[in-house]
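A.B. asks: Take this structure first; my questions come after.
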Amino acid sequence: MTDRPQRTGRRKPSPLPVFVTAMALFLVAMSLLAYQLAQGKDPALGATAITSTKAKRPVIVRRIVKRRIVTTVKPAPVVAAVPVSSGSTVSSSASVAAPVAAPVAAPAPAPAPVVTASS
Amino acid sequence: MNEYDITFDAMGSEMRILIGEPTDGGLAPQEAGERAREFIHEFDRTLSRFQPDSELSLLNRDPRVEVPASYLMRSAIKAGLWAAEFTGGLVDPTLVDEIEVAGYRESRAGMHGVPMSDALRTAPARHPAHPSGSHAWESFKVDDHAKVVRRPAGLKFDTGGTGKGLAADMIAGSLGGYSRFLISCGGDMRIGGSDARVTPYEVAVEHPISGRRAHVFRLGSGGVATSGVNVRAWRRTDGSTAHHLLDPSTGEPCWSGIVGVTALGPNAVEAETLAKAALLSGPGSARKVLEKSGGLIVHEDGRVELVGRMTISTRMPVRPASVGAAA
């Protein structure tokens, strides 16, 4: 018969505290992960998301600007009519009053419409 | 959009040139426009029937069968012959004696015409024109290699039927490198340029009776021309009214029932030819003449008839013209 060597000073821990401690650590870890997922910070996707953001091409927004020039012609204080050099292609004759005083700076006249007529 | 825009008188009519920006580093629009103006004056000096020393007048007086001719002269005769062939002789360029007998011997630039109401009231019975039986225009031959024109001595040629359109087309040939352009020679126009398709020109048609706007075409390329009996009309000594569009079969002014036609075409010469042919054909056939490219017919009662696919615009005002005033 062989004698077992006797253990010295150590005692096997009780299973209940071990189980409770393990469960507590597990629940804490799970709670932490659940919280992170709820915040949208999935640790499994975090690295990929950063990579895709860096690779994303910048979006160029093209803005089309239409300029509309509205010209308001104010009646000139000078009495005489100033003949306009750019006439319409429609033949017409008009007597023009003799010019008096200096010509008033006026906005450039709109180009005459292009007209086709028998000639 | 910046465009060079110049208006001046030539060929007894009003000319207008619009040229946009160069796209290939060519001449400035102003310089191109001035060159175009010089060309039109040169064209007029060479081909005017009313200037006795013009090359055309000299040709018509030349007793030789074979006559040396400049490039411009040959081009003008070829355009007139093309128009005659294209219309089966309806647009006949050899009616010089007939038009002079009718009373059109000198330029009518600046002269007053006849009010349309009076002209229509005194006009003879309406009937469409027909080609002449002789087809004399077929006798004209142009030899570019020898640089001569051959025709029976005494047979005269009038470039007036296609001259303005040809001038517009020839100028257009040098303006391919501009964003857009419009050349109007007395209302016979040629339009072109890469931007003109995106931003077309609005071309208003003057009503030959009221002088008001009859229609507006939006054109990005090609030609447009108007022919009518409201200008270049005059009172004859017998009290009747004559105008410059003759019936080749009679040699007399044609009263077809149509007073004005505006035609579209791939170029100004074709548009001008179509407009004349449609007017001479009368109301029964004018629509068919214009069917391919489109256009507009104004009947004696003032009714406006559109032919083809058009875009109507009513945005552009047109000043009323004095009815019957000759250009």
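Just so we're on the same page: first chain in the structure tokens is A, next is B, and so on; residues restart at 1 for each chain, and ligands are numbered from 1 in the order they show up.
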If we count only C-alpha atoms and set the cut-off at 8 Å, which residues sit around Tyr178 in chain B, ignoring sequence neighbours fewer than 4 positions away in its own chain? Please answer as an MDAnalysis selection string.
C.D. replies: chainID B and resid 19:24 193:194
A.B. asks: Export, as an mmCIF file, in the first residue's frame, the selected residues with N, CA and C atoms.
C.D. replies:
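That gives us result15.cif:
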```
data_model
loop_
_atom_site.group_PDB
_atom_site.id
_atom_site.type_symbol
_atom_site.label_atom_id
_atom_site.label_comp_id
_atom_site.auth_asym_id
_atom_site.auth_seq_id
_atom_site.Cartn_x
_atom_site.Cartn_y
_atom_site.Cartn_z
ATOM 1 N N ILE B 19 -21.342 87.881 -85.250
ATOM 2 C CA ILE B 19 -20.283 86.883 -85.096
ATOM 3 C C ILE B 19 -19.917 86.770 -83.620
ATOM 4 N N GLY B 20 -19.893 85.543 -83.124
ATOM 5 C CA GLY B 20 -19.536 85.299 -81.727
ATOM 6 C C GLY B 20 -18.033 85.180 -81.548
ATOM 7 N N GLU B 21 -17.651 84.575 -80.456
ATOM 8 C CA GLU B 21 -16.230 84.471 -80.123
ATOM 9 C C GLU B 21 -15.544 83.394 -80.963
ATOM 10 N N PRO B 22 -14.265 83.612 -81.297
ATOM 11 C CA PRO B 22 -13.531 82.561 -82.031
ATOM 12 C C PRO B 22 -13.260 81.369 -81.123
ATOM 13 N N THR B 23 -13.381 80.174 -81.675
ATOM 14 C CA THR B 23 -13.147 78.959 -80.888
ATOM 15 C C THR B 23 -11.806 78.320 -81.208
ATOM 16 N N ASP B 24 -11.145 78.798 -82.235
ATOM 17 C CA ASP B 24 -9.863 78.192 -82.611
ATOM 18 C C ASP B 24 -8.749 79.224 -82.722
ATOM 19 N N GLY B 193 -22.217 77.707 -86.404
ATOM 20 C CA GLY B 193 -21.415 77.787 -85.188
ATOM 21 C C GLY B 193 -21.851 76.730 -84.183
ATOM 22 N N SER B 194 -20.877 76.250 -83.411
ATOM 23 C CA SER B 194 -21.176 75.149 -82.481
ATOM 24 C C SER B 194 -22.163 75.568 -81.399
#
```
A.B. asks: Would you mind listing what lies within 12 Å of Gly260 in chain B as a VMD selection string, with only C-alpha atoms counted and same-chain residues fewer than 2 positions away left out?
C.D. replies: (chain A and resid 116 to 119) or (chain B and resid 116 205 to 211 214 225 to 231 245 255 to 258 262 to 263 274 to 283 286 295 to 305)
A.B. asks: What's the separation between CA of Ala102 in chain B and CA of Ser134 in chain B, in Å to one decimal place?
C.D. replies: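 A separation of 19.7 Å between them.
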